[in-house]
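Engineer: I am sharing query.cif, which consists of mmCIF, N, CA and C atoms:
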```
data_target
loop_
_atom_site.label_atom_id
_atom_site.label_comp_id
_atom_site.auth_asym_id
_atom_site.auth_seq_id
_atom_site.Cartn_x
_atom_site.Cartn_y
_atom_site.Cartn_z
N MET A 12 -50.96 127.22 218.85
CA MET A 12 -50.47 126.36 217.79
C MET A 12 -48.95 126.34 217.86
N ILE A 13 -48.38 125.17 217.81
CA ILE A 13 -46.93 125.01 217.90
C ILE A 13 -46.36 124.74 216.52
N ALA A 14 -45.40 125.56 216.13
CA ALA A 14 -44.75 125.38 214.83
C ALA A 14 -43.73 124.25 214.94
N ARG A 15 -43.56 123.49 213.90
CA ARG A 15 -42.62 122.38 213.90
C ARG A 15 -41.46 122.60 212.95
N GLU A 16 -41.18 123.85 212.60
CA GLU A 16 -40.07 124.12 211.69
C GLU A 16 -38.76 124.12 212.46
N LYS A 17 -37.70 123.83 211.77
CA LYS A 17 -36.37 123.84 212.37
C LYS A 17 -35.67 125.16 212.02
N ALA A 18 -34.72 125.55 212.84
CA ALA A 18 -33.94 126.75 212.56
C ALA A 18 -33.07 126.52 211.33
N VAL A 19 -32.78 127.61 210.63
CA VAL A 19 -31.98 127.51 209.42
C VAL A 19 -30.55 127.10 209.75
N LYS A 20 -29.97 127.69 210.78
CA LYS A 20 -28.60 127.38 211.17
C LYS A 20 -28.64 126.56 212.46
N PRO A 21 -27.83 125.52 212.57
CA PRO A 21 -27.82 124.71 213.80
C PRO A 21 -27.48 125.57 215.00
N GLY A 22 -28.20 125.35 216.08
CA GLY A 22 -27.93 126.06 217.32
C GLY A 22 -28.63 127.40 217.43
N LEU A 23 -29.24 127.89 216.36
CA LEU A 23 -29.92 129.18 216.41
C LEU A 23 -31.41 128.96 216.23
N GLN A 24 -32.21 129.73 216.91
CA GLN A 24 -33.66 129.64 216.77
C GLN A 24 -34.14 130.84 215.98
N ASN A 25 -35.10 130.62 215.13
CA ASN A 25 -35.72 131.69 214.38
C ASN A 25 -36.69 132.41 215.31
N MET A 26 -36.50 133.71 215.49
CA MET A 26 -37.32 134.45 216.45
C MET A 26 -38.80 134.41 216.09
N LEU A 27 -39.14 134.38 214.81
CA LEU A 27 -40.56 134.32 214.44
C LEU A 27 -41.18 133.02 214.90
N ILE A 28 -40.44 131.93 214.77
CA ILE A 28 -40.95 130.63 215.22
C ILE A 28 -41.11 130.65 216.73
N ILE A 29 -40.13 131.20 217.43
CA ILE A 29 -40.21 131.26 218.89
C ILE A 29 -41.42 132.08 219.32
N THR A 30 -41.64 133.23 218.68
CA THR A 30 -42.77 134.07 219.05
C THR A 30 -44.09 133.37 218.75
N ASP A 31 -44.18 132.67 217.59
CA ASP A 31 -45.40 131.93 217.28
C ASP A 31 -45.61 130.78 218.25
N LYS A 32 -44.53 130.17 218.65
CA LYS A 32 -44.60 128.99 219.50
C LYS A 32 -44.98 129.35 220.93
N PHE A 33 -44.48 130.48 221.39
CA PHE A 33 -44.72 130.91 222.75
C PHE A 33 -45.29 132.33 222.74
N PRO A 34 -46.58 132.47 222.46
CA PRO A 34 -47.16 133.81 222.30
C PRO A 34 -47.08 134.66 223.56
N HIS A 35 -46.91 134.05 224.73
CA HIS A 35 -46.80 134.85 225.96
C HIS A 35 -45.51 135.65 225.99
N HIS A 36 -44.55 135.33 225.11
CA HIS A 36 -43.29 136.04 225.06
C HIS A 36 -43.42 137.37 224.31
N GLN A 37 -44.51 137.56 223.59
CA GLN A 37 -44.72 138.81 222.88
C GLN A 37 -44.96 139.92 223.88
N LYS A 38 -44.71 141.14 223.46
CA LYS A 38 -44.86 142.28 224.35
C LYS A 38 -46.35 142.60 224.52
N ILE A 39 -46.93 142.06 225.57
CA ILE A 39 -48.34 142.29 225.85
C ILE A 39 -48.47 142.57 227.33
N LYS A 40 -49.21 143.62 227.67
CA LYS A 40 -49.50 143.89 229.07
C LYS A 40 -50.99 143.72 229.28
N TYR A 41 -51.35 143.18 230.43
CA TYR A 41 -52.75 142.97 230.76
C TYR A 41 -53.19 144.05 231.74
N ASN A 42 -54.15 144.84 231.33
CA ASN A 42 -54.65 145.92 232.15
C ASN A 42 -56.11 145.62 232.47
N LYS A 43 -56.37 145.10 233.67
CA LYS A 43 -57.68 144.63 234.09
C LYS A 43 -58.18 143.61 233.09
N ASN A 44 -59.23 143.90 232.36
CA ASN A 44 -59.77 142.94 231.40
C ASN A 44 -59.37 143.25 229.97
N LYS A 45 -58.47 144.22 229.79
CA LYS A 45 -58.05 144.62 228.45
C LYS A 45 -56.64 144.10 228.18
N VAL A 46 -56.38 143.73 226.94
CA VAL A 46 -55.04 143.35 226.51
C VAL A 46 -54.48 144.54 225.75
N VAL A 47 -53.35 145.06 226.21
CA VAL A 47 -52.73 146.23 225.60
C VAL A 47 -51.38 145.82 225.04
N LYS A 48 -51.20 145.96 223.73
CA LYS A 48 -49.91 145.67 223.13
C LYS A 48 -49.03 146.91 223.24
N ILE A 49 -47.79 146.68 223.60
CA ILE A 49 -46.84 147.78 223.75
C ILE A 49 -46.19 148.06 222.40
N MET A 50 -46.15 149.32 222.02
CA MET A 50 -45.50 149.70 220.77
C MET A 50 -43.99 149.72 220.97
N PRO A 51 -43.24 149.25 219.99
CA PRO A 51 -41.78 149.27 220.13
C PRO A 51 -41.24 150.70 220.05
N THR A 52 -40.11 150.92 220.67
CA THR A 52 -39.44 152.22 220.62
C THR A 52 -38.56 152.25 219.38
N ILE A 53 -38.85 153.18 218.48
CA ILE A 53 -38.10 153.30 217.22
C ILE A 53 -37.47 154.68 217.18
N ARG A 54 -36.18 154.71 216.93
CA ARG A 54 -35.44 155.99 216.87
C ARG A 54 -34.55 156.01 215.63
N PRO A 55 -34.32 157.19 215.07
CA PRO A 55 -33.41 157.28 213.92
C PRO A 55 -31.96 157.16 214.38
N ILE A 56 -31.09 156.80 213.46
CA ILE A 56 -29.68 156.59 213.80
C ILE A 56 -29.01 157.88 214.29
N SER A 57 -29.53 159.02 213.87
CA SER A 57 -28.97 160.29 214.36
C SER A 57 -29.17 160.43 215.87
N ASP A 58 -30.27 159.88 216.41
CA ASP A 58 -30.47 159.90 217.86
C ASP A 58 -29.43 159.05 218.57
N LEU A 59 -29.02 157.97 217.93
CA LEU A 59 -27.99 157.13 218.53
C LEU A 59 -26.68 157.90 218.63
N ARG A 60 -26.40 158.69 217.60
CA ARG A 60 -25.18 159.50 217.61
C ARG A 60 -25.28 160.63 218.64
N ASN A 61 -26.43 161.31 218.67
CA ASN A 61 -26.57 162.51 219.49
C ASN A 61 -27.05 162.25 220.92
N ASN A 62 -27.80 161.17 221.14
CA ASN A 62 -28.40 160.91 222.45
C ASN A 62 -28.11 159.50 222.94
N SER A 63 -26.89 159.04 222.78
CA SER A 63 -26.58 157.65 223.13
C SER A 63 -26.79 157.37 224.62
N ASN A 64 -26.45 158.33 225.49
CA ASN A 64 -26.65 158.11 226.92
C ASN A 64 -28.13 157.97 227.26
N GLU A 65 -28.96 158.77 226.63
CA GLU A 65 -30.41 158.69 226.86
C GLU A 65 -30.95 157.34 226.41
N ILE A 66 -30.52 156.88 225.25
CA ILE A 66 -30.98 155.58 224.72
C ILE A 66 -30.49 154.45 225.62
N SER A 67 -29.25 154.55 226.07
CA SER A 67 -28.69 153.54 226.96
C SER A 67 -29.48 153.47 228.26
N GLU A 68 -29.77 154.60 228.83
CA GLU A 68 -30.54 154.65 230.08
C GLU A 68 -31.95 154.10 229.88
N PHE A 69 -32.57 154.41 228.75
CA PHE A 69 -33.91 153.90 228.45
C PHE A 69 -33.88 152.37 228.37
N CYS A 70 -32.89 151.83 227.68
CA CYS A 70 -32.78 150.36 227.54
C CYS A 70 -32.62 149.68 228.89
N ARG A 71 -31.80 150.27 229.75
CA ARG A 71 -31.57 149.67 231.07
C ARG A 71 -32.80 149.78 231.96
N SER A 72 -33.44 150.95 231.96
CA SER A 72 -34.57 151.16 232.88
C SER A 72 -35.84 150.45 232.42
N SER A 73 -36.10 150.42 231.13
CA SER A 73 -37.35 149.82 230.63
C SER A 73 -37.22 148.33 230.35
N ARG A 74 -35.97 147.86 230.23
CA ARG A 74 -35.71 146.45 229.87
C ARG A 74 -36.33 146.10 228.51
N GLU A 75 -36.43 147.08 227.65
CA GLU A 75 -36.97 146.90 226.31
C GLU A 75 -35.92 147.31 225.28
N PRO A 76 -35.93 146.70 224.11
CA PRO A 76 -34.98 147.10 223.06
C PRO A 76 -35.42 148.40 222.38
N VAL A 77 -34.46 149.05 221.77
CA VAL A 77 -34.73 150.24 220.95
C VAL A 77 -34.36 149.87 219.52
N PHE A 78 -35.29 150.10 218.60
CA PHE A 78 -35.06 149.80 217.19
C PHE A 78 -34.54 151.06 216.52
N ILE A 79 -33.39 150.94 215.84
CA ILE A 79 -32.74 152.07 215.18
C ILE A 79 -32.97 151.97 213.68
N THR A 80 -33.39 153.09 213.09
CA THR A 80 -33.62 153.12 211.65
C THR A 80 -32.55 153.96 210.97
N LYS A 81 -32.27 153.60 209.72
CA LYS A 81 -31.32 154.35 208.90
C LYS A 81 -32.00 154.58 207.55
N ASN A 82 -32.15 155.84 207.18
CA ASN A 82 -32.85 156.22 205.94
C ASN A 82 -34.26 155.62 205.87
N GLY A 83 -34.92 155.57 207.04
CA GLY A 83 -36.30 155.09 207.08
C GLY A 83 -36.46 153.58 207.15
N TYR A 84 -35.36 152.83 207.13
CA TYR A 84 -35.43 151.37 207.17
C TYR A 84 -34.79 150.86 208.46
N SER A 85 -35.31 149.75 208.97
CA SER A 85 -34.74 149.20 210.20
C SER A 85 -33.30 148.78 209.96
N ASP A 86 -32.44 149.07 210.94
CA ASP A 86 -31.02 148.82 210.78
C ASP A 86 -30.43 148.08 211.97
N LEU A 87 -30.73 148.51 213.19
CA LEU A 87 -30.14 147.93 214.39
C LEU A 87 -31.18 147.76 215.49
N VAL A 88 -30.86 146.90 216.42
CA VAL A 88 -31.64 146.78 217.66
C VAL A 88 -30.66 146.91 218.80
N ILE A 89 -30.97 147.79 219.73
CA ILE A 89 -30.09 148.02 220.88
C ILE A 89 -30.86 147.62 222.14
N MET A 90 -30.18 146.86 223.00
CA MET A 90 -30.80 146.46 224.26
C MET A 90 -29.73 146.36 225.34
N SER A 91 -30.16 146.37 226.58
CA SER A 91 -29.21 146.24 227.68
C SER A 91 -28.67 144.82 227.70
N ILE A 92 -27.54 144.64 228.34
CA ILE A 92 -26.93 143.32 228.42
C ILE A 92 -27.82 142.37 229.23
N ASP A 93 -28.52 142.90 230.24
CA ASP A 93 -29.43 142.06 231.03
C ASP A 93 -30.57 141.53 230.16
N THR A 94 -31.13 142.38 229.32
CA THR A 94 -32.21 141.97 228.43
C THR A 94 -31.70 140.95 227.42
N TYR A 95 -30.51 141.18 226.89
CA TYR A 95 -29.92 140.25 225.93
C TYR A 95 -29.71 138.88 226.58
N GLU A 96 -29.11 138.85 227.77
CA GLU A 96 -28.85 137.58 228.45
C GLU A 96 -30.15 136.86 228.80
N ARG A 97 -31.18 137.62 229.20
CA ARG A 97 -32.48 137.01 229.50
C ARG A 97 -33.09 136.40 228.24
N ASN A 98 -33.01 137.11 227.13
CA ASN A 98 -33.54 136.59 225.86
C ASN A 98 -32.79 135.35 225.40
N MET A 99 -31.46 135.34 225.55
CA MET A 99 -30.67 134.17 225.18
C MET A 99 -31.02 132.97 226.06
N ALA A 100 -31.23 133.22 227.35
CA ALA A 100 -31.61 132.13 228.26
C ALA A 100 -32.98 131.58 227.88
N LEU A 101 -33.91 132.46 227.52
CA LEU A 101 -35.24 132.01 227.10
C LEU A 101 -35.15 131.18 225.82
N LEU A 102 -34.34 131.62 224.87
CA LEU A 102 -34.18 130.85 223.63
C LEU A 102 -33.60 129.47 223.91
N GLU A 103 -32.63 129.40 224.81
CA GLU A 103 -32.04 128.11 225.16
C GLU A 103 -33.08 127.22 225.83
N LEU A 104 -33.87 127.80 226.73
CA LEU A 104 -34.91 127.03 227.41
C LEU A 104 -35.94 126.53 226.41
N TYR A 105 -36.39 127.41 225.51
CA TYR A 105 -37.38 127.01 224.50
C TYR A 105 -36.83 125.90 223.61
N SER A 106 -35.55 125.99 223.27
CA SER A 106 -34.92 124.97 222.44
C SER A 106 -34.91 123.62 223.16
N LYS A 107 -34.58 123.65 224.46
CA LYS A 107 -34.56 122.41 225.24
C LYS A 107 -35.97 121.84 225.41
N LEU A 108 -36.95 122.71 225.60
CA LEU A 108 -38.33 122.24 225.71
C LEU A 108 -38.80 121.61 224.40
N ASP A 109 -38.41 122.22 223.28
CA ASP A 109 -38.77 121.67 221.98
C ASP A 109 -38.13 120.30 221.78
N GLU A 110 -36.87 120.17 222.18
CA GLU A 110 -36.16 118.89 222.07
C GLU A 110 -36.85 117.83 222.94
N ALA A 111 -37.26 118.22 224.14
CA ALA A 111 -37.94 117.28 225.04
C ALA A 111 -39.29 116.84 224.46
N GLU A 112 -40.02 117.77 223.84
CA GLU A 112 -41.29 117.42 223.21
C GLU A 112 -41.08 116.42 222.07
N GLU A 113 -40.03 116.64 221.28
CA GLU A 113 -39.73 115.72 220.18
C GLU A 113 -39.37 114.33 220.71
N GLN A 114 -38.62 114.29 221.80
CA GLN A 114 -38.25 113.00 222.39
C GLN A 114 -39.48 112.27 222.90
N LEU A 115 -40.43 113.02 223.48
CA LEU A 115 -41.67 112.39 223.95
C LEU A 115 -42.48 111.83 222.78
N GLU A 116 -42.53 112.58 221.68
CA GLU A 116 -43.27 112.12 220.50
C GLU A 116 -42.65 110.86 219.91
N LEU A 117 -41.33 110.72 220.03
CA LEU A 117 -40.64 109.53 219.51
C LEU A 117 -40.68 108.36 220.49
N ASN A 118 -41.34 108.56 221.62
CA ASN A 118 -41.43 107.53 222.67
C ASN A 118 -40.07 107.02 223.14
N LEU A 119 -39.12 107.94 223.26
CA LEU A 119 -37.81 107.58 223.80
C LEU A 119 -37.94 107.34 225.30
N PRO A 120 -37.03 106.56 225.89
CA PRO A 120 -37.13 106.28 227.33
C PRO A 120 -37.05 107.56 228.15
N THR A 121 -37.84 107.61 229.20
CA THR A 121 -37.86 108.77 230.08
C THR A 121 -37.45 108.35 231.48
N LYS A 122 -37.12 109.34 232.31
CA LYS A 122 -36.77 109.11 233.71
C LYS A 122 -37.76 109.83 234.59
N SER A 123 -38.05 109.25 235.72
CA SER A 123 -38.95 109.90 236.67
C SER A 123 -38.17 110.97 237.44
N HIS A 124 -38.90 111.81 238.10
CA HIS A 124 -38.29 112.86 238.91
C HIS A 124 -37.39 112.25 239.97
N LYS A 125 -37.85 111.17 240.59
CA LYS A 125 -37.09 110.50 241.64
C LYS A 125 -35.75 109.99 241.11
N GLU A 126 -35.76 109.41 239.90
CA GLU A 126 -34.53 108.89 239.30
C GLU A 126 -33.53 110.01 239.00
N ILE A 127 -34.02 111.12 238.51
CA ILE A 127 -33.15 112.25 238.19
C ILE A 127 -32.52 112.82 239.44
N ILE A 128 -33.33 113.02 240.48
CA ILE A 128 -32.82 113.59 241.73
C ILE A 128 -31.78 112.66 242.36
N SER A 129 -32.06 111.36 242.38
CA SER A 129 -31.08 110.43 242.97
C SER A 129 -29.79 110.41 242.16
N SER A 130 -29.89 110.53 240.83
CA SER A 130 -28.70 110.58 239.98
C SER A 130 -27.88 111.84 240.27
N LEU A 131 -28.55 112.98 240.41
CA LEU A 131 -27.85 114.23 240.72
C LEU A 131 -27.20 114.17 242.09
N ARG A 132 -27.90 113.61 243.07
CA ARG A 132 -27.33 113.48 244.40
C ARG A 132 -26.10 112.57 244.38
N GLY A 133 -26.17 111.51 243.57
CA GLY A 133 -25.02 110.62 243.44
C GLY A 133 -23.81 111.33 242.87
N ARG A 134 -24.04 112.18 241.88
CA ARG A 134 -22.93 112.96 241.29
C ARG A 134 -22.33 113.93 242.31
N ILE A 135 -23.21 114.59 243.06
CA ILE A 135 -22.73 115.56 244.05
C ILE A 135 -21.93 114.85 245.13
N ASN A 136 -22.46 113.74 245.63
CA ASN A 136 -21.77 113.01 246.70
C ASN A 136 -20.45 112.42 246.20
N ALA A 137 -20.36 112.04 244.94
CA ALA A 137 -19.12 111.50 244.39
C ALA A 137 -18.03 112.57 244.34
N LYS A 138 -18.42 113.82 244.13
CA LYS A 138 -17.44 114.92 244.07
C LYS A 138 -16.96 115.31 245.45
N LEU A 139 -17.76 115.05 246.46
CA LEU A 139 -17.38 115.44 247.83
C LEU A 139 -16.44 114.46 248.38
#
```
Give the structure from this file in structure tokens form.
Structural biologist:
Amino acid sequence: MIAREKAVKPGLQNMLIITDKFPHHQKIKYNKNKVVKIMPTIRPISDLRNNSNEISEFCRSSREPVFITKNGYSDLVIMSIDTYERNMALLELYSKLDEAEEQLELNLPTKSHKEIISSLRGRINAKL
């Protein structure tokens, strides 16, 4: 099911909408015929103070975020820069796909693959 809600702030996507829209983006591993959901890593803020190198290494090696709690409540999310950049690229891609779907629904003019490629080649050749 595809949600049709818009983000609250222009240029930003609501992560809940993105997750609902693209369920394959959720943390799920397929083990033979079983679907296994991965539990998030949750650590108290004191671990961030005392074991920052360990948390940093975990984020880089697992490519998963670490959720930091303060007084029992969620406070921060820590992730490697690679994971952050990958997530931002996915959000941008999902946003562009959503925009393309809306344009198709409005029956706006489209271009064929051949037209796009010839246009790109024309731009490249003009720069040379």
Engineer: Could you state the separation of atom CA of A:Ser85 and atom N of A:Arg60 in Å, given to one decimal place?
Structural biologist: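 It comes out at 14.6 Å.
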Engineer: One number please: atom N of A:Asp86 to atom N of A:Asp58, in Å, one decimal.
Structural biologist: 12.3 Å
Engineer: When DSSP works through the backbone of this structure, what residues of stretch 55-124 of chain A end up as alpha helix (DSSP H), shown as a ChimeraX atom specification?
Structural biologist: /A:56-61,63-73,92-116,124
Engineer: To one decimal place, how far is atom CA of A:Met99 from atom CA of A:Pro55 in Å?
Structural biologist: 25.9 Å
Engineer: So which residues get picked by the PyMOL selection byres (((chain A and resi 79 and name CA) around 9) and name CA) here, written as a PDB file with N, CA and C atoms, keeping the file's coordinate frame?
Structural biologist:
```pdb
ATOM      1  N   THR A  52     -40.110 150.920 220.670  1.00  0.00           N
ATOM      2  CA  THR A  52     -39.440 152.220 220.620  1.00  0.00           C
ATOM      3  C   THR A  52     -38.560 152.250 219.380  1.00  0.00           C
ATOM      4  N   ILE A  53     -38.850 153.180 218.480  1.00  0.00           N
ATOM      5  CA  ILE A  53     -38.100 153.300 217.220  1.00  0.00           C
ATOM      6  C   ILE A  53     -37.470 154.680 217.180  1.00  0.00           C
ATOM      7  N   ARG A  54     -36.180 154.710 216.930  1.00  0.00           N
ATOM      8  CA  ARG A  54     -35.440 155.990 216.870  1.00  0.00           C
ATOM      9  C   ARG A  54     -34.550 156.010 215.630  1.00  0.00           C
ATOM     10  N   PRO A  55     -34.320 157.190 215.070  1.00  0.00           N
ATOM     11  CA  PRO A  55     -33.410 157.280 213.920  1.00  0.00           C
ATOM     12  C   PRO A  55     -31.960 157.160 214.380  1.00  0.00           C
ATOM     13  N   ILE A  56     -31.090 156.800 213.460  1.00  0.00           N
ATOM     14  CA  ILE A  56     -29.680 156.590 213.800  1.00  0.00           C
ATOM     15  C   ILE A  56     -29.010 157.880 214.290  1.00  0.00           C
ATOM     16  N   ASP A  58     -30.270 159.880 216.410  1.00  0.00           N
ATOM     17  CA  ASP A  58     -30.470 159.900 217.860  1.00  0.00           C
ATOM     18  C   ASP A  58     -29.430 159.050 218.570  1.00  0.00           C
ATOM     19  N   LEU A  59     -29.020 157.970 217.930  1.00  0.00           N
ATOM     20  CA  LEU A  59     -27.990 157.130 218.530  1.00  0.00           C
ATOM     21  C   LEU A  59     -26.680 157.900 218.630  1.00  0.00           C
ATOM     22  N   VAL A  77     -34.460 149.050 221.770  1.00  0.00           N
ATOM     23  CA  VAL A  77     -34.730 150.240 220.950  1.00  0.00           C
ATOM     24  C   VAL A  77     -34.360 149.870 219.520  1.00  0.00           C
ATOM     25  N   PHE A  78     -35.290 150.100 218.600  1.00  0.00           N
ATOM     26  CA  PHE A  78     -35.060 149.800 217.190  1.00  0.00           C
ATOM     27  C   PHE A  78     -34.540 151.060 216.520  1.00  0.00           C
ATOM     28  N   THR A  80     -33.390 153.090 213.090  1.00  0.00           N
ATOM     29  CA  THR A  80     -33.620 153.120 211.650  1.00  0.00           C
ATOM     30  C   THR A  80     -32.550 153.960 210.970  1.00  0.00           C
ATOM     31  N   LYS A  81     -32.270 153.600 209.720  1.00  0.00           N
ATOM     32  CA  LYS A  81     -31.320 154.350 208.900  1.00  0.00           C
ATOM     33  C   LYS A  81     -32.000 154.580 207.550  1.00  0.00           C
ATOM     34  N   TYR A  84     -35.360 152.830 207.130  1.00  0.00           N
ATOM     35  CA  TYR A  84     -35.430 151.370 207.170  1.00  0.00           C
ATOM     36  C   TYR A  84     -34.790 150.860 208.460  1.00  0.00           C
ATOM     37  N   SER A  85     -35.310 149.750 208.970  1.00  0.00           N
ATOM     38  CA  SER A  85     -34.740 149.200 210.200  1.00  0.00           C
ATOM     39  C   SER A  85     -33.300 148.780 209.960  1.00  0.00           C
ATOM     40  N   ASP A  86     -32.440 149.070 210.940  1.00  0.00           N
ATOM     41  CA  ASP A  86     -31.020 148.820 210.780  1.00  0.00           C
ATOM     42  C   ASP A  86     -30.430 148.080 211.970  1.00  0.00           C
ATOM     43  N   LEU A  87     -30.730 148.510 213.190  1.00  0.00           N
ATOM     44  CA  LEU A  87     -30.140 147.930 214.390  1.00  0.00           C
ATOM     45  C   LEU A  87     -31.180 147.760 215.490  1.00  0.00           C
ATOM     46  N   VAL A  88     -30.860 146.900 216.420  1.00  0.00           N
ATOM     47  CA  VAL A  88     -31.640 146.780 217.660  1.00  0.00           C
ATOM     48  C   VAL A  88     -30.660 146.910 218.800  1.00  0.00           C
ATOM     49  N   ILE A  89     -30.970 147.790 219.730  1.00  0.00           N
ATOM     50  CA  ILE A  89     -30.090 148.020 220.880  1.00  0.00           C
ATOM     51  C   ILE A  89     -30.860 147.620 222.140  1.00  0.00           C
TER      52      ILE A  89
END
```
Engineer: Which residue gives the smallest distance to A:Glu96 among A:Leu131, A:Leu139, A:Arg74, A:Ser123, with only C-alpha atoms counted?
Structural biologist: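 Using only C-alpha atoms, the shortest distance to A:Glu96 belongs to A:Arg74.
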Engineer: Would you please extract all strand (DSSP E or B) residues from stretch 29-135 of chain A, as assigned by DSSP on the backbone, and give them as a CSV table (one decimal) with N, CA and C atoms, in the frame of the given file?
Structural biologist:
```csv
chain,number,residue,atom,x,y,z
A,39,ILE,N,-46.9,142.1,225.6
A,39,ILE,CA,-48.3,142.3,225.8
A,39,ILE,C,-48.5,142.6,227.3
A,40,LYS,N,-49.2,143.6,227.7
A,40,LYS,CA,-49.5,143.9,229.1
A,40,LYS,C,-51.0,143.7,229.3
A,41,TYR,N,-51.4,143.2,230.4
A,41,TYR,CA,-52.8,143.0,230.8
A,41,TYR,C,-53.2,144.0,231.7
A,42,ASN,N,-54.2,144.8,231.3
A,42,ASN,CA,-54.6,145.9,232.2
A,42,ASN,C,-56.1,145.6,232.5
A,45,LYS,N,-58.5,144.2,229.8
A,45,LYS,CA,-58.0,144.6,228.4
A,45,LYS,C,-56.6,144.1,228.2
A,46,VAL,N,-56.4,143.7,226.9
A,46,VAL,CA,-55.0,143.4,226.5
A,46,VAL,C,-54.5,144.5,225.8
A,47,VAL,N,-53.4,145.1,226.2
A,47,VAL,CA,-52.7,146.2,225.6
A,47,VAL,C,-51.4,145.8,225.0
A,48,LYS,N,-51.2,146.0,223.7
A,48,LYS,CA,-49.9,145.7,223.1
A,48,LYS,C,-49.0,146.9,223.2
A,52,THR,N,-40.1,150.9,220.7
A,52,THR,CA,-39.4,152.2,220.6
A,52,THR,C,-38.6,152.2,219.4
A,53,ILE,N,-38.8,153.2,218.5
A,53,ILE,CA,-38.1,153.3,217.2
A,53,ILE,C,-37.5,154.7,217.2
A,54,ARG,N,-36.2,154.7,216.9
A,54,ARG,CA,-35.4,156.0,216.9
A,54,ARG,C,-34.6,156.0,215.6
A,55,PRO,N,-34.3,157.2,215.1
A,55,PRO,CA,-33.4,157.3,213.9
A,55,PRO,C,-32.0,157.2,214.4
A,77,VAL,N,-34.5,149.0,221.8
A,77,VAL,CA,-34.7,150.2,221.0
A,77,VAL,C,-34.4,149.9,219.5
A,78,PHE,N,-35.3,150.1,218.6
A,78,PHE,CA,-35.1,149.8,217.2
A,78,PHE,C,-34.5,151.1,216.5
A,79,ILE,N,-33.4,150.9,215.8
A,79,ILE,CA,-32.7,152.1,215.2
A,79,ILE,C,-33.0,152.0,213.7
A,80,THR,N,-33.4,153.1,213.1
A,80,THR,CA,-33.6,153.1,211.6
A,80,THR,C,-32.6,154.0,211.0
A,81,LYS,N,-32.3,153.6,209.7
A,81,LYS,CA,-31.3,154.4,208.9
A,81,LYS,C,-32.0,154.6,207.6
A,84,TYR,N,-35.4,152.8,207.1
A,84,TYR,CA,-35.4,151.4,207.2
A,84,TYR,C,-34.8,150.9,208.5
A,85,SER,N,-35.3,149.8,209.0
A,85,SER,CA,-34.7,149.2,210.2
A,85,SER,C,-33.3,148.8,210.0
A,86,ASP,N,-32.4,149.1,210.9
A,86,ASP,CA,-31.0,148.8,210.8
A,86,ASP,C,-30.4,148.1,212.0
A,87,LEU,N,-30.7,148.5,213.2
A,87,LEU,CA,-30.1,147.9,214.4
A,87,LEU,C,-31.2,147.8,215.5
A,88,VAL,N,-30.9,146.9,216.4
A,88,VAL,CA,-31.6,146.8,217.7
A,88,VAL,C,-30.7,146.9,218.8
A,89,ILE,N,-31.0,147.8,219.7
A,89,ILE,CA,-30.1,148.0,220.9
A,89,ILE,C,-30.9,147.6,222.1
```
